[in-house]
$ cat my_file-v9.tsv   # TSV, C-alpha atoms
chain	number	residue	atom	x	y	z
A	141	MET	CA	-4.65	47.90	7.24
A	142	ARG	CA	-2.80	44.65	7.87
A	143	GLU	CA	-1.85	42.45	4.94
A	144	PRO	CA	-3.37	38.99	5.05
A	145	SER	CA	-0.87	36.38	6.06
A	146	ALA	CA	-0.08	33.46	3.78
A	147	ARG	CA	-1.88	31.29	6.30
A	148	THR	CA	-5.19	33.13	5.88
A	149	THR	CA	-5.00	33.29	2.09
A	150	GLU	CA	-4.19	29.64	1.51
A	151	ALA	CA	-7.01	27.32	0.66
A	152	PHE	CA	-7.85	24.88	3.38
A	153	PRO	CA	-5.89	21.69	2.87
A	154	GLU	CA	-7.83	18.80	1.43
A	155	ARG	CA	-8.83	16.22	3.99
A	156	SER	CA	-6.74	13.05	3.91
A	157	LYS	CA	-8.22	10.01	2.24
A	158	GLY	CA	-6.77	7.93	5.07
A	159	THR	CA	-3.55	6.16	5.90
A	160	VAL	CA	-1.63	3.86	3.57
A	161	ILE	CA	1.15	1.61	4.81
A	162	VAL	CA	4.10	1.29	2.43
A	163	THR	CA	6.61	-1.49	3.02
A	164	THR	CA	9.03	-4.00	1.64
A	165	LEU	CA	9.23	-7.54	2.90
A	166	ALA	CA	11.72	-9.29	5.15
A	167	SER	CA	14.24	-10.08	2.41
A	168	ASP	CA	14.22	-6.69	0.65
A	169	SER	CA	16.63	-3.97	1.81
A	170	HIS	CA	15.83	-1.38	-0.87
A	171	THR	CA	14.56	2.05	0.16
A	172	TRP	CA	14.36	4.39	-2.85
A	173	ASN	CA	11.30	2.53	-4.13
A	174	LEU	CA	9.60	3.21	-0.78
A	175	VAL	CA	10.43	6.91	-0.90
A	176	PHE	CA	9.04	7.13	-4.43
A	177	LEU	CA	5.85	5.27	-3.45
A	178	GLN	CA	5.40	7.43	-0.37
A	179	LEU	CA	5.58	10.62	-2.44
A	180	LEU	CA	3.29	9.21	-5.14
A	181	ILE	CA	0.67	8.12	-2.62
A	182	GLU	CA	0.86	11.38	-0.67
A	183	GLU	CA	0.25	13.26	-3.95
A	184	CYS	CA	-2.92	11.18	-4.30
A	185	GLY	CA	-4.20	12.56	-0.99
A	186	TYR	CA	-3.28	9.86	1.53
A	187	ASP	CA	-1.16	9.94	4.66
A	188	VAL	CA	1.65	7.39	4.46
A	189	VAL	CA	3.34	5.28	7.08
A	190	ASN	CA	6.56	3.99	5.55
A	191	LEU	CA	7.75	0.89	7.44
A	192	GLY	CA	11.07	0.86	5.59
A	193	PRO	CA	13.18	-2.03	4.33
A	194	CYS	CA	13.57	-5.59	5.62
A	195	VAL	CA	10.26	-5.62	7.49
A	196	PRO	CA	9.73	-8.93	9.31
A	197	ASP	CA	6.34	-10.56	8.73
A	198	GLU	CA	5.34	-10.22	12.39
A	199	LEU	CA	6.08	-6.48	12.40
A	200	LEU	CA	4.21	-5.94	9.13
A	201	VAL	CA	1.12	-7.74	10.43
A	202	SER	CA	1.16	-6.02	13.84
A	203	GLU	CA	1.66	-2.52	12.37
A	204	CYS	CA	-1.13	-3.06	9.85
A	205	ARG	CA	-3.46	-4.49	12.49
A	206	ASP	CA	-2.76	-1.65	14.92
A	207	ARG	CA	-3.04	1.16	12.34
A	208	ASN	CA	-5.97	-0.28	10.32
A	209	PRO	CA	-4.89	1.47	7.10
A	210	GLU	CA	-7.00	2.27	4.05
A	211	MET	CA	-4.53	0.27	1.96
A	212	ILE	CA	-1.28	-1.69	2.24
A	213	VAL	CA	1.32	-1.29	-0.54
A	214	ILE	CA	4.13	-3.84	-0.68
A	215	SER	CA	7.10	-3.14	-2.93
A	216	SER	CA	9.84	-5.52	-4.04
A	217	VAL	CA	13.07	-4.67	-5.80
A	218	ASN	CA	15.19	-7.73	-5.06
A	219	GLY	CA	13.10	-10.20	-7.08
A	220	HIS	CA	11.66	-12.15	-4.15
A	221	GLY	CA	8.31	-10.34	-4.04
A	222	TYR	CA	6.36	-13.35	-5.27
A	223	GLN	CA	7.89	-15.73	-2.74
A	224	ASP	CA	7.67	-13.31	0.19
A	225	GLY	CA	4.26	-12.00	-0.86
A	226	MET	CA	2.79	-15.50	-1.01
A	227	ARG	CA	4.10	-16.12	2.49
A	228	VAL	CA	2.75	-12.93	4.09
A	229	ILE	CA	-0.63	-12.37	2.38
A	230	GLY	CA	-2.34	-15.18	4.31
A	231	ARG	CA	-1.14	-13.74	7.60
A	232	LEU	CA	-2.47	-10.31	6.68
A	233	ARG	CA	-5.83	-11.67	5.49
A	234	ASP	CA	-6.20	-13.86	8.59
A	235	CYS	CA	-6.12	-10.72	10.74
A	236	ALA	CA	-9.79	-9.71	11.08
A	237	PRO	CA	-9.28	-5.92	10.82
A	238	LEU	CA	-7.39	-6.42	7.53
A	239	ALA	CA	-9.74	-8.90	5.85
A	240	ALA	CA	-11.30	-6.22	3.62
A	241	THR	CA	-8.29	-3.88	3.38
A	242	PRO	CA	-6.96	-3.40	-0.15
A	243	ILE	CA	-3.50	-4.97	-0.31
A	244	VAL	CA	-1.31	-4.58	-3.38
A	245	ILE	CA	2.15	-5.75	-4.34
A	246	GLY	CA	4.46	-4.62	-7.09
A	247	GLY	CA	7.94	-4.30	-8.44
A	248	LYS	CA	10.33	-7.06	-9.32
A	249	LEU	CA	8.42	-10.10	-8.17
A	250	GLY	CA	10.69	-12.83	-9.54
A	251	THR	CA	14.30	-13.36	-10.50
A	252	ASP	CA	13.74	-15.14	-13.80
A	253	GLY	CA	11.64	-12.49	-15.55
A	254	GLY	CA	9.51	-15.00	-17.42
A	255	GLU	CA	6.47	-15.99	-15.41
A	256	GLY	CA	4.59	-12.71	-14.95
A	257	THR	CA	1.07	-13.79	-15.90
A	258	SER	CA	0.95	-16.92	-13.78
A	259	ARG	CA	2.67	-15.16	-10.91
A	260	THR	CA	0.10	-12.35	-11.05
A	261	HIS	CA	-2.83	-14.80	-11.06
A	262	GLU	CA	-1.37	-16.75	-8.14
A	263	LEU	CA	-0.80	-13.62	-6.05
A	264	MET	CA	-4.34	-12.42	-6.76
A	265	ALA	CA	-5.78	-15.84	-5.90
A	266	ALA	CA	-3.80	-15.79	-2.64
A	267	GLY	CA	-5.47	-12.53	-1.58
A	268	PHE	CA	-3.81	-9.51	-3.17
A	269	ASP	CA	-6.21	-6.99	-4.69
A	270	ALA	CA	-3.76	-5.90	-7.38
A	271	VAL	CA	-0.33	-6.88	-8.67
A	272	PHE	CA	1.90	-4.38	-10.45
A	273	GLU	CA	4.56	-6.37	-12.26
A	274	ASP	CA	7.86	-4.67	-13.10
A	275	GLY	CA	8.14	-3.72	-16.76
A	276	GLN	CA	4.52	-2.67	-17.27
A	277	ASP	CA	3.29	0.88	-16.67
A	278	PRO	CA	2.87	0.53	-12.90
A	279	ILE	CA	2.12	4.20	-12.17
A	280	ALA	CA	-0.82	4.36	-14.58
A	281	ALA	CA	-2.04	0.98	-13.35
A	282	PHE	CA	-1.76	2.12	-9.73
A	283	HIS	CA	-3.72	5.32	-10.44
A	284	SER	CA	-6.40	3.22	-12.16
A	285	PHE	CA	-6.53	0.92	-9.15
A	286	LEU	CA	-6.89	3.89	-6.76
A	287	ALA	CA	-9.84	5.13	-8.81
A	288	THR	CA	-11.67	1.86	-8.09
A	289	LEU	CA	-11.34	2.12	-4.30
A	290	PRO	CA	-14.38	3.10	-2.25
A	291	ALA	CA	-14.30	6.35	-0.33
A	292	PRO	CA	-12.81	6.01	3.17
A	293	GLN	CA	-16.27	6.40	4.72
A	294	GLN	CA	-17.58	3.47	2.64
A	295	ARG	CA	-14.59	1.33	3.62
A	296	ALA	CA	-15.38	2.00	7.29
A	297	VAL	CA	-18.95	0.77	6.72
A	298	ASP	CA	-17.66	-2.30	4.83
A	299	HIS	CA	-15.11	-2.98	7.57
A	300	ALA	CA	-17.82	-2.82	10.26
A	301	ARG	CA	-19.81	-5.44	8.32
A	302	VAL	CA	-16.79	-7.78	8.05
A	303	SER	CA	-15.97	-7.36	11.76
A	304	ALA	CA	-19.56	-7.98	12.90
$ encode --input "my_file-v9.tsv" --output "structure tokens"
Amino acid sequence: MREPSARTTEAFPERSKGTVIVTTLASDSHTWNLVFLQLLIEECGYDVVNLGPCVPDELLVSECRDRNPEMIVISSVNGHGYQDGMRVIGRLRDCAPLAATPIVIGGKLGTDGGEGTSRTHELMAAGFDAVFEDGQDPIAAFHSFLATLPAPQQRAVDHARVSA
């Protein structure tokens, strides 16, 4: 009798929860944060498209529009996340397919280190669904945020309503 192959004895892989785009902004050349985020998000059951460092606004918007992800995760290490995030969020939200897409930003959002609360409120008011400021427990906060997201099927229904 033939031994079962590893392929036949493995459990079927869990279905993906959808695609998440991970990116920095135009002024940020850091990459290790993106690799970490990609691995973290993949462990949570999503497929990840990592746009890499120094992503121009136009490229970010076009990639997100074309891919229609379940979520967009923007990371900043250089301290210009607030400034760049405030500039790009309106462009993302103005794109009809992205109007209801969860968009989050995190990392080092400023260079002075002293205006976290107001910066968070301003980014949220501008259109981000969550802000993960450097120095807090961003991994636990991110996992908590993921737990609040609707299932991919529900997001598709919500998206159809926004697009109609």
$ closest_residue --input "my_file-v9.tsv" --among "A:Asn218, A:Thr159, A:Thr241, A:Asn208" --to "Asn190 (chain A)" --atoms "all atoms listed in the file"
A:Thr159
$ closest_residue --input "my_file-v9.tsv" --among "A:Leu165, A:Ser258, A:Pro290, A:Val213" --to "Arg227 (chain A)" --atoms "all atoms listed in the file"
A:Leu165
$ residues_around --input "my_file-v9.tsv" --residues "Val201 (chain A)" --least-positions-apart "6" --cutoff "9 Å" --atoms "all atoms listed in the file" --output "list in words"
Val228, Arg231, Leu232 and Cys235 of chain A
$ closest_residue --input "my_file-v9.tsv" --among "A:Ala281, A:Ala287, A:Tyr222, A:Val195" --to "Asp252 (chain A)" --atoms "only C-alpha atoms"
A:Tyr222
$ closest_residue --input "my_file-v9.tsv" --among "A:Leu238, A:Ile279, A:Ala266, A:Leu249" --to "Glu210 (chain A)" --atoms "all atoms listed in the file"
A:Leu238
$ residues_near_point --input "my_file-v9.tsv" --point "(14.4, -5.5, 6.5)" --cutoff "9 Å" --atoms "all atoms listed in the file" --output "number ranges by chain"
A: 164-170, 192-196
$ closest_residue --input "my_file-v9.tsv" --among "A:Ile243, A:Leu286, A:Ile212, A:Val217" --to "Met264 (chain A)" --atoms "all atoms listed in the file"
A:Ile243
$ closest_residue --input "my_file-v9.tsv" --among "A:Arg233, A:His283, A:His220, A:Lys157" --to "Phe268 (chain A)" --atoms "only C-alpha atoms"
A:Arg233
$ atom_distance --input "my_file-v9.tsv" --atom1 "CA of Val244 (chain A)" --atom2 "CA of Leu200 (chain A)"
13.7 Å
$ atom_distance --input "my_file-v9.tsv" --atom1 "CA of Pro209 (chain A)" --atom2 "CA of Glu273 (chain A)"
22.9 Å
$ axis_aligned_box --input "my_file-v9.tsv" --around "region 205-213 of chain A" --padding-each-side "6 Å" --output "lines of an AutoDock Vina configuration file"
center_x = -2.8
center_y = -1.1
center_z = 7.2
size_x = 20.3
size_y = 18.8
size_z = 27.5
$ atom_distance --input "my_file-v9.tsv" --atom1 "CA of Glu262 (chain A)" --atom2 "CA of Ala280 (chain A)"
22.1 Å
